[in-house]
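entry12.tsv (TSV, C-alpha atoms)
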```tsv
chain	number	residue	atom	x	y	z
A	489	MET	CA	128.50	76.68	133.65
A	490	THR	CA	126.76	73.55	132.46
A	491	THR	CA	126.70	70.24	134.25
A	492	VAL	CA	125.25	66.97	133.03
A	493	ALA	CA	123.04	65.09	135.40
A	494	PRO	CA	124.42	61.62	136.21
A	495	ASP	CA	122.76	58.66	134.57
A	496	ASN	CA	120.57	56.78	136.99
A	497	GLY	CA	121.76	53.47	135.49
A	498	LYS	CA	118.29	52.04	134.96
A	499	THR	CA	118.87	51.46	131.27
A	500	GLN	CA	122.29	49.87	131.69
A	501	GLU	CA	121.30	47.47	134.45
A	502	HIS	CA	118.81	45.84	132.09
A	503	THR	CA	121.18	45.39	129.16
A	504	VAL	CA	124.70	44.89	130.53
A	505	GLY	CA	125.58	41.24	130.93
A	506	GLN	CA	122.65	39.95	128.90
A	507	SER	CA	122.93	37.77	125.82
A	508	GLN	CA	121.40	38.85	122.53
A	509	SER	CA	118.66	36.21	122.82
A	510	ARG	CA	117.79	37.48	126.30
A	511	VAL	CA	117.56	41.06	125.06
A	512	ILE	CA	115.26	39.97	122.21
A	513	LEU	CA	113.08	38.00	124.63
A	514	ASN	CA	112.80	41.00	126.95
A	515	ARG	CA	111.75	43.23	124.05
A	516	PHE	CA	109.09	40.73	123.01
A	517	VAL	CA	107.75	40.26	126.55
A	518	ARG	CA	107.40	44.03	126.95
A	519	ASN	CA	105.12	44.12	123.90
A	520	LYS	CA	101.76	43.73	125.62
A	521	THR	CA	99.76	43.31	122.42
A	522	ALA	CA	101.98	40.49	121.19
A	523	MET	CA	102.02	38.73	124.55
A	524	VAL	CA	98.24	38.90	124.97
A	525	SER	CA	97.79	37.61	121.41
A	526	LEU	CA	100.22	34.74	122.02
A	527	VAL	CA	98.45	33.72	125.25
A	528	LEU	CA	95.01	33.87	123.61
A	529	LEU	CA	96.30	31.86	120.65
A	530	LEU	CA	97.63	29.11	122.91
A	531	LEU	CA	94.47	29.13	125.02
A	532	THR	CA	92.33	28.75	121.88
A	533	PHE	CA	94.25	25.65	120.81
A	534	VAL	CA	94.29	24.14	124.31
A	535	PHE	CA	90.56	24.77	124.69
A	536	SER	CA	89.76	23.05	121.38
A	537	VAL	CA	91.85	20.01	122.31
A	538	SER	CA	90.44	19.75	125.83
A	539	ALA	CA	86.86	20.14	124.59
A	540	ILE	CA	86.58	17.34	122.03
A	541	GLY	CA	89.92	15.59	122.51
A	542	LEU	CA	92.65	14.86	119.99
A	543	GLY	CA	93.74	11.35	119.09
A	544	PRO	CA	94.15	9.39	122.34
A	545	ILE	CA	93.42	12.51	124.41
A	546	PRO	CA	89.76	12.43	125.54
A	547	GLY	CA	87.65	15.59	125.69
A	548	TRP	CA	85.16	16.81	128.25
A	549	TRP	CA	82.42	17.65	125.71
A	550	LYS	CA	79.72	14.99	125.40
A	551	TYR	CA	79.06	15.30	121.65
A	552	ASP	CA	81.32	14.60	118.68
A	553	TYR	CA	81.53	16.39	115.34
A	554	VAL	CA	80.02	13.67	113.10
A	555	THR	CA	77.06	12.07	114.92
A	556	PRO	CA	73.61	13.60	114.20
A	557	GLY	CA	71.20	14.09	117.08
A	558	ALA	CA	67.66	15.14	117.77
A	559	PRO	CA	67.00	18.86	117.12
A	560	PHE	CA	67.07	20.95	120.29
A	561	ASP	CA	65.28	24.32	120.32
A	562	ASN	CA	65.23	24.34	116.52
A	563	GLY	CA	69.03	24.18	116.46
A	564	ARG	CA	69.56	27.58	118.12
A	565	PRO	CA	72.67	28.30	120.21
A	566	THR	CA	72.26	27.75	123.95
A	567	LEU	CA	75.39	29.68	124.96
A	568	SER	CA	74.61	32.33	127.59
A	569	LEU	CA	76.96	35.29	128.09
A	570	ILE	CA	74.42	37.92	129.15
A	571	PRO	CA	75.29	39.67	132.44
A	572	GLY	CA	72.79	38.89	135.17
A	573	GLU	CA	71.67	35.61	133.64
A	574	GLY	CA	74.93	33.83	134.33
A	575	PHE	CA	77.38	31.98	132.10
A	576	GLY	CA	76.32	28.65	130.69
A	577	LEU	CA	77.06	26.44	127.69
A	578	GLY	CA	73.70	24.70	127.62
A	579	GLU	CA	72.94	21.64	125.53
A	580	HIS	CA	74.39	22.97	122.25
A	581	PRO	CA	76.39	26.21	122.82
A	582	PHE	CA	76.84	26.97	119.11
A	583	GLY	CA	73.59	25.33	118.03
A	584	GLN	CA	73.15	22.47	115.56
A	585	ASN	CA	73.44	22.17	111.81
A	586	ARG	CA	70.62	21.03	109.52
A	587	ILE	CA	71.00	17.33	110.39
A	588	GLY	CA	71.42	17.86	114.14
A	589	VAL	CA	75.21	17.57	114.55
A	590	ASP	CA	76.55	19.62	117.45
A	591	TYR	CA	78.05	22.80	115.98
A	592	PHE	CA	80.34	23.45	118.94
A	593	ALA	CA	82.11	20.12	118.35
A	594	MET	CA	82.33	20.80	114.62
A	595	THR	CA	83.79	24.28	115.20
A	596	MET	CA	86.36	22.98	117.69
A	597	ARG	CA	87.41	20.31	115.19
A	598	GLY	CA	87.75	23.01	112.56
A	599	VAL	CA	89.95	25.02	114.93
A	600	GLN	CA	92.18	21.97	115.50
A	601	ASN	CA	92.54	21.40	111.75
A	602	SER	CA	93.34	25.09	111.22
A	603	PHE	CA	96.13	24.96	113.80
A	604	LEU	CA	97.46	21.74	112.26
A	605	VAL	CA	97.54	23.40	108.84
A	606	ILE	CA	99.31	26.44	110.34
A	607	ILE	CA	102.01	24.33	111.97
A	608	LEU	CA	102.67	21.99	109.06
A	609	LEU	CA	102.33	24.51	106.24
A	610	ALA	CA	104.45	27.15	107.97
A	611	GLY	CA	107.04	24.55	109.00
A	612	VAL	CA	107.45	23.10	105.52
A	613	ALA	CA	107.42	26.48	103.76
A	614	THR	CA	109.86	28.01	106.25
A	615	THR	CA	112.30	25.10	106.03
A	616	LEU	CA	112.25	24.90	102.24
A	617	GLY	CA	112.37	28.66	101.75
A	618	THR	CA	115.23	29.06	104.22
A	619	VAL	CA	117.32	26.36	102.52
A	620	VAL	CA	116.69	27.72	99.02
A	621	GLY	CA	117.37	31.33	100.06
A	622	ALA	CA	120.48	30.39	102.02
A	623	LEU	CA	122.02	28.43	99.13
A	624	ALA	CA	121.17	31.13	96.59
A	625	GLY	CA	122.50	33.97	98.75
A	626	TYR	CA	125.68	32.23	99.82
A	627	TYR	CA	126.86	30.67	96.54
A	628	ARG	CA	125.48	33.30	94.14
A	629	GLY	CA	126.46	32.74	90.50
A	630	TRP	CA	124.69	30.02	88.53
A	631	ILE	CA	123.24	28.41	91.66
A	632	ASP	CA	121.56	31.69	92.59
A	633	ALA	CA	120.31	32.16	89.02
A	634	ILE	CA	118.72	28.71	88.80
A	635	LEU	CA	117.11	28.80	92.25
A	636	MET	CA	115.73	32.31	91.79
A	637	ARG	CA	114.30	31.50	88.36
A	638	ILE	CA	112.49	28.54	89.88
A	639	THR	CA	111.24	30.88	92.62
A	640	ASP	CA	110.02	33.38	90.03
A	641	VAL	CA	108.04	30.67	88.23
A	642	PHE	CA	106.18	29.81	91.45
A	643	ILE	CA	105.66	33.47	92.37
A	644	VAL	CA	103.86	34.47	89.14
A	645	ILE	CA	101.27	31.72	89.65
A	646	PRO	CA	98.51	32.93	92.05
A	647	ALA	CA	98.62	31.04	95.33
A	648	ILE	CA	94.89	30.40	95.31
A	649	VAL	CA	95.15	28.73	91.87
A	650	VAL	CA	98.04	26.51	92.94
A	651	GLY	CA	96.25	25.77	96.18
A	652	ALA	CA	93.06	24.82	94.34
A	653	VAL	CA	94.90	22.35	92.11
A	654	VAL	CA	96.81	20.90	95.06
A	655	GLY	CA	93.71	20.79	97.24
A	656	ARG	CA	91.71	19.07	94.50
A	657	MET	CA	94.29	16.30	94.32
A	658	THR	CA	95.06	15.96	98.03
A	659	GLY	CA	92.05	17.25	99.94
A	660	GLY	CA	90.57	13.80	100.39
A	661	LEU	CA	93.84	12.30	101.64
A	662	GLY	CA	93.79	14.06	105.00
A	663	VAL	CA	94.59	17.39	106.60
A	664	GLN	CA	98.26	16.54	107.11
A	665	PHE	CA	98.93	15.72	103.47
A	666	LEU	CA	97.08	18.83	102.30
A	667	ALA	CA	99.06	21.11	104.65
A	668	ILE	CA	102.42	19.62	103.70
A	669	THR	CA	101.67	19.87	99.98
A	670	LEU	CA	100.55	23.49	100.31
A	671	GLY	CA	103.77	24.23	102.20
A	672	LEU	CA	105.73	23.01	99.16
A	673	VAL	CA	104.20	25.77	97.01
A	674	THR	CA	104.21	28.73	99.45
A	675	TRP	CA	107.92	29.10	100.29
A	676	MET	CA	108.89	31.74	97.73
A	677	GLY	CA	108.53	34.86	99.86
A	678	ILE	CA	110.73	33.65	102.68
A	679	ALA	CA	113.30	32.37	100.15
A	680	ARG	CA	113.74	35.88	98.74
A	681	LEU	CA	114.04	37.42	102.22
A	682	VAL	CA	116.64	34.88	103.36
A	683	ARG	CA	118.59	35.28	100.14
A	684	ALA	CA	118.81	39.05	100.62
A	685	GLU	CA	119.97	38.57	104.22
A	686	PHE	CA	122.62	36.05	103.21
A	687	LEU	CA	123.94	38.33	100.46
A	688	SER	CA	124.62	40.92	103.15
A	689	LEU	CA	125.94	38.61	105.86
A	690	ARG	CA	128.30	36.59	103.66
A	691	GLU	CA	130.58	39.64	103.34
A	692	ARG	CA	130.99	40.10	107.10
A	693	GLU	CA	134.29	39.56	108.92
A	694	PHE	CA	133.14	36.56	110.94
A	695	VAL	CA	132.36	34.68	107.71
A	696	GLU	CA	135.82	35.40	106.34
A	697	ALA	CA	137.32	34.25	109.63
A	698	ALA	CA	135.39	30.99	109.41
A	699	ARG	CA	136.65	30.41	105.85
A	700	VAL	CA	140.25	31.05	106.91
A	701	ALA	CA	139.79	28.60	109.79
A	702	GLY	CA	138.86	25.90	107.28
A	703	ALA	CA	135.12	25.63	107.97
A	704	SER	CA	133.05	23.92	105.28
A	705	ASP	CA	130.41	25.77	103.31
A	706	MET	CA	127.56	23.93	105.07
A	707	ARG	CA	129.02	24.79	108.47
A	708	ILE	CA	129.38	28.44	107.52
A	709	ILE	CA	125.80	28.57	106.18
A	710	PHE	CA	124.01	26.81	109.02
A	711	LYS	CA	126.36	27.44	111.95
A	712	HIS	CA	127.57	30.99	111.37
A	713	ILE	CA	125.31	32.89	108.95
A	714	LEU	CA	121.87	31.38	109.62
A	715	PRO	CA	121.86	32.17	113.38
A	716	ASN	CA	122.42	35.81	112.46
A	717	ALA	CA	119.52	35.72	110.00
A	718	ILE	CA	117.13	33.89	112.33
A	719	GLY	CA	115.19	37.08	113.05
A	720	VAL	CA	114.15	37.41	109.40
A	721	VAL	CA	113.24	33.72	109.30
A	722	ILE	CA	111.05	33.85	112.40
A	723	VAL	CA	109.18	36.99	111.36
A	724	ALA	CA	108.60	35.63	107.86
A	725	ALA	CA	107.37	32.34	109.34
A	726	SER	CA	104.79	34.19	111.44
A	727	LEU	CA	103.47	35.91	108.30
A	728	ILE	CA	103.23	32.57	106.50
A	729	ALA	CA	101.34	31.14	109.48
A	730	ALA	CA	98.80	33.98	109.33
A	731	ALA	CA	98.31	33.44	105.60
A	732	ALA	CA	98.02	29.66	106.06
A	733	ILE	CA	94.73	29.77	107.95
A	734	LEU	CA	93.21	32.11	105.35
A	735	LEU	CA	94.44	29.95	102.45
A	736	GLU	CA	93.06	26.76	103.97
A	737	THR	CA	89.76	28.47	104.76
A	738	ALA	CA	89.40	29.82	101.22
A	739	LEU	CA	90.19	26.43	99.66
A	740	SER	CA	87.77	24.59	101.95
A	741	PHE	CA	85.05	27.17	101.21
A	742	LEU	CA	85.52	26.62	97.47
A	743	GLY	CA	85.44	22.84	97.94
A	744	TYR	CA	89.13	22.21	97.18
A	745	GLY	CA	90.43	21.83	100.73
A	746	ILE	CA	89.37	19.71	103.68
A	747	ARG	CA	86.31	17.62	102.90
A	748	ALA	CA	83.60	15.87	104.89
A	749	PRO	CA	83.43	13.93	107.16
A	750	GLU	CA	86.34	16.07	108.44
A	751	SER	CA	85.48	19.55	109.65
A	752	SER	CA	87.00	22.86	108.59
A	753	LEU	CA	86.03	26.41	109.40
A	754	GLY	CA	85.82	27.31	105.73
A	755	LEU	CA	83.89	24.14	104.99
A	756	LEU	CA	81.36	24.98	107.73
A	757	VAL	CA	80.70	28.37	106.19
A	758	SER	CA	80.40	26.84	102.73
A	759	GLN	CA	78.00	24.10	103.79
A	760	ASN	CA	75.63	26.55	105.50
A	761	GLN	CA	75.75	29.53	103.14
A	762	SER	CA	72.17	28.92	102.03
A	763	ALA	CA	70.96	29.32	105.63
A	764	PHE	CA	72.52	32.74	106.23
A	765	ALA	CA	69.19	34.55	106.50
A	766	THR	CA	67.46	32.01	108.74
A	767	ARG	CA	70.31	30.63	110.89
A	768	PRO	CA	73.07	33.27	110.93
A	769	TRP	CA	74.83	31.72	113.94
A	770	LEU	CA	76.12	29.02	111.59
A	771	PHE	CA	78.37	31.79	110.22
A	772	TRP	CA	79.17	33.77	113.36
A	773	PHE	CA	81.15	31.12	115.21
A	774	PRO	CA	83.32	29.77	112.34
A	775	ALA	CA	83.96	33.32	111.14
A	776	ALA	CA	85.09	34.41	114.61
A	777	PHE	CA	87.56	31.54	114.82
A	778	ILE	CA	88.88	32.38	111.36
A	779	VAL	CA	89.43	36.09	111.92
A	780	LEU	CA	90.67	36.11	115.53
A	781	PRO	CA	93.54	33.59	115.18
A	782	ALA	CA	94.71	35.30	111.98
A	783	LEU	CA	94.75	38.68	113.75
A	784	MET	CA	96.53	37.24	116.80
A	785	ILE	CA	99.23	35.64	114.66
A	786	ASN	CA	99.78	38.97	112.90
A	787	PHE	CA	100.11	40.76	116.25
A	788	VAL	CA	102.63	38.15	117.40
A	789	GLY	CA	104.53	38.63	114.14
A	790	ASP	CA	104.63	42.40	114.68
A	791	GLY	CA	105.97	41.83	118.18
A	792	LEU	CA	108.69	39.51	116.88
A	793	ARG	CA	109.65	42.04	114.21
A	794	ASP	CA	109.99	44.79	116.82
A	795	ALA	CA	111.97	42.48	119.12
A	796	PHE	CA	114.48	41.35	116.49
A	797	ASP	CA	114.95	44.78	114.90
A	798	PRO	CA	116.54	47.22	117.37
A	799	ARG	CA	115.74	50.06	114.99
A	800	GLN	CA	112.03	49.58	115.75
A	801	LYS	CA	111.58	52.12	118.57
A	802	ARG	CA	108.21	52.68	120.15
A	803	PHE	CA	107.26	56.27	120.93
A	804	SER	CA	106.71	56.82	124.66
A	805	VAL	CA	104.86	59.92	125.86
A	806	ARG	CA	106.06	59.33	129.43
A	807	ARG	CA	109.72	59.22	128.41
A	808	THR	CA	109.28	62.34	126.30
A	809	LYS	CA	107.85	64.23	129.28
A	810	GLU	CA	110.63	63.02	131.57
A	811	LEU	CA	113.40	63.95	129.13
A	812	PRO	CA	113.92	67.57	130.32
A	813	GLU	CA	114.35	66.39	133.92
A	814	GLY	CA	117.38	64.26	133.01
A	815	ALA	CA	118.79	66.62	130.44
A	816	GLU	CA	121.35	69.28	130.91
A	817	GLN	CA	120.72	71.56	133.87
A	818	ARG	CA	121.91	75.13	133.77
A	819	GLN	CA	123.25	76.78	136.88
```

For the file at hand, write its structure as structure tokens.
Amino acid sequence: MTTVAPDNGKTQEHTVGQSQSRVILNRFVRNKTAMVSLVLLLLTFVFSVSAIGLGPIPGWWKYDYVTPGAPFDNGRPTLSLIPGEGFGLGEHPFGQNRIGVDYFAMTMRGVQNSFLVIILLAGVATTLGTVVGALAGYYRGWIDAILMRITDVFIVIPAIVVGAVVGRMTGGLGVQFLAITLGLVTWMGIARLVRAEFLSLREREFVEAARVAGASDMRIIFKHILPNAIGVVIVAASLIAAAAILLETALSFLGYGIRAPESSLGLLVSQNQSAFATRPWLFWFPAAFIVLPALMINFVGDGLRDAFDPRQKRFSVRRTKELPEGAEQRQ
């Protein structure tokens, strides 16, 4: 005789009565790597703003990122993180560049500009790519053919080449203009993803019901189909954001991106490449703030992908060991 052990109800009590958005949020919160990355990402931006200020917001750091000063300890970093000696920023935590400008202030300004590029570039690219992909996937036919051929033209051109041309023309006009213009030429990947999702969703029953009810095409696209494709949009946007900081850094390093007197992480590395052997700290700090945010955004994107896709199941050793205890018991 075989009896099945009763379910303890722990799984159901967390899912029954919850909306889809709440279930997705719970999945994302349970992803420790994604949550830690998100918190560190936010703390990095808040720290850069609080340190040197932003617009009307004053900062607590006493130096700015453009004013030269007298050399202090030959421009070496004064940051102390050694156990036993205590934590301290010192006079110039990240040192000074060749003309005596505080490198901590310059790096924090570069971090601010990187985050601004991420937000604007990803926002513009995501919006444009979503609209193009939605129209192509919903209408199909000649509209799909024209929009996808335009997309193909942009795809075959290397992004770094397009970015160099755009950066050459707009780099001196400000960070905002550069980021927006780059967003106008980096939307192709998300457009293809959204198009594929719309081609699948447009055949569903709820879309047919909306058509029978007399809903307009725009209402069906943005009110009915797009909310069901939002997972693809958000995950693709996180990937664009991670690529944005690397694209801006590469362009600034080559001299086609953000230009002096503004500060950029790639520009800092480019300006001090001749001093790599004698003053390596001029590379350590900008490089750290280039790599770490890009990694953290990718981890957040992986967490979002796992949260939106219920097929993404994480292997649990503990659950595997507990499985025989709740399985069928033989008497």

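Distances here use all atoms listed in the file; by that measure, the residue among A:Ala667, A:Leu577, A:Ile606, A:Ile709 closest to Phe533 (chain A) is A:Ile606.
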
Identify, on the basis of all atoms listed in the file, every residue whose closest approach to Phe642 (chain A) does not exceed 12 Å; exclude the query and any residue fewer than 3 positions from it along the same chain; express the result as a list of chain:residue names.
-> A:Leu635, A:Met636, A:Arg637, A:Ile638, A:Thr639, A:Ile645, A:Pro646, A:Ala647, A:Ile648, A:Val649, A:Val650, A:Gly651, A:Leu672, A:Val673, A:Thr674, A:Trp675, A:Met676, A:Gly677, A:Ala679

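Minimum distance to Pro774 (chain A) across A:Gly754, A:Gly655, A:Gly671, A:Gly617 (counting all atoms listed in the file) occurs at A:Gly754.
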
Mind giving me the straight-line distance from CA of Val653 (chain A) to CA of Leu727 (chain A) in Å, one decimal?
-> 22.8 Å

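When all atoms listed in the file are used to measure the gap to Asp640 (chain A), the shortest distance among A:Gln664, A:Val511, A:Ala730, A:Arg680 belongs to A:Arg680.
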
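Interatomic distance, CA of Val612 (chain A) against CA of Phe686 (chain A): 20.1 Å.
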
Would you list the contacts of Pro581 (chain A) as a VMD selection string, taking every protein, DNA or RNA residue within 8 Å and counting only C-alpha atoms, but skipping same-chain residues closer than 3 positions in sequence?
-> chain A and resid 565 to 568 577 to 578 591 to 592

File dump, residues just selected, C-alpha atoms, as a PDB file, keeping the file's coordinate frame:
```pdb
ATOM      1  CA  PRO A 565      72.670  28.300 120.210  1.00  0.00           C
ATOM      2  CA  THR A 566      72.260  27.750 123.950  1.00  0.00           C
ATOM      3  CA  LEU A 567      75.390  29.680 124.960  1.00  0.00           C
ATOM      4  CA  SER A 568      74.610  32.330 127.590  1.00  0.00           C
ATOM      5  CA  LEU A 577      77.060  26.440 127.690  1.00  0.00           C
ATOM      6  CA  GLY A 578      73.700  24.700 127.620  1.00  0.00           C
ATOM      7  CA  TYR A 591      78.050  22.800 115.980  1.00  0.00           C
ATOM      8  CA  PHE A 592      80.340  23.450 118.940  1.00  0.00           C
TER       9      PHE A 592
END
```

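Considering the residues A:Ile713, A:Leu755, A:Ala775, A:Met596 and counting only C-alpha atoms, Gly541 (chain A) has its shortest atom-to-atom contact with A:Met596.
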
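Candidate residues A:Leu689, A:Ser740, A:Val554, A:Glu750 were compared for distance to Asn716 (chain A), and the nearest is A:Leu689, using all atoms listed in the file.
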
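Distance check against Ala782 (chain A) using all atoms listed in the file: of A:Asn601, A:Ala731, A:Gly576, A:Ile678, the minimum falls on A:Ala731.
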
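The gap separating CA of Val517 (chain A) from CA of Ser538 (chain A) is 26.8 Å, in Å to one decimal.
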
Within 10 Å of Gly547 (chain A), counting only C-alpha atoms, which residues show up once you throw out same-chain ones fewer than 6 positions away? Write them as a PyMOL selection string, please.
-> chain A and resi 535-541
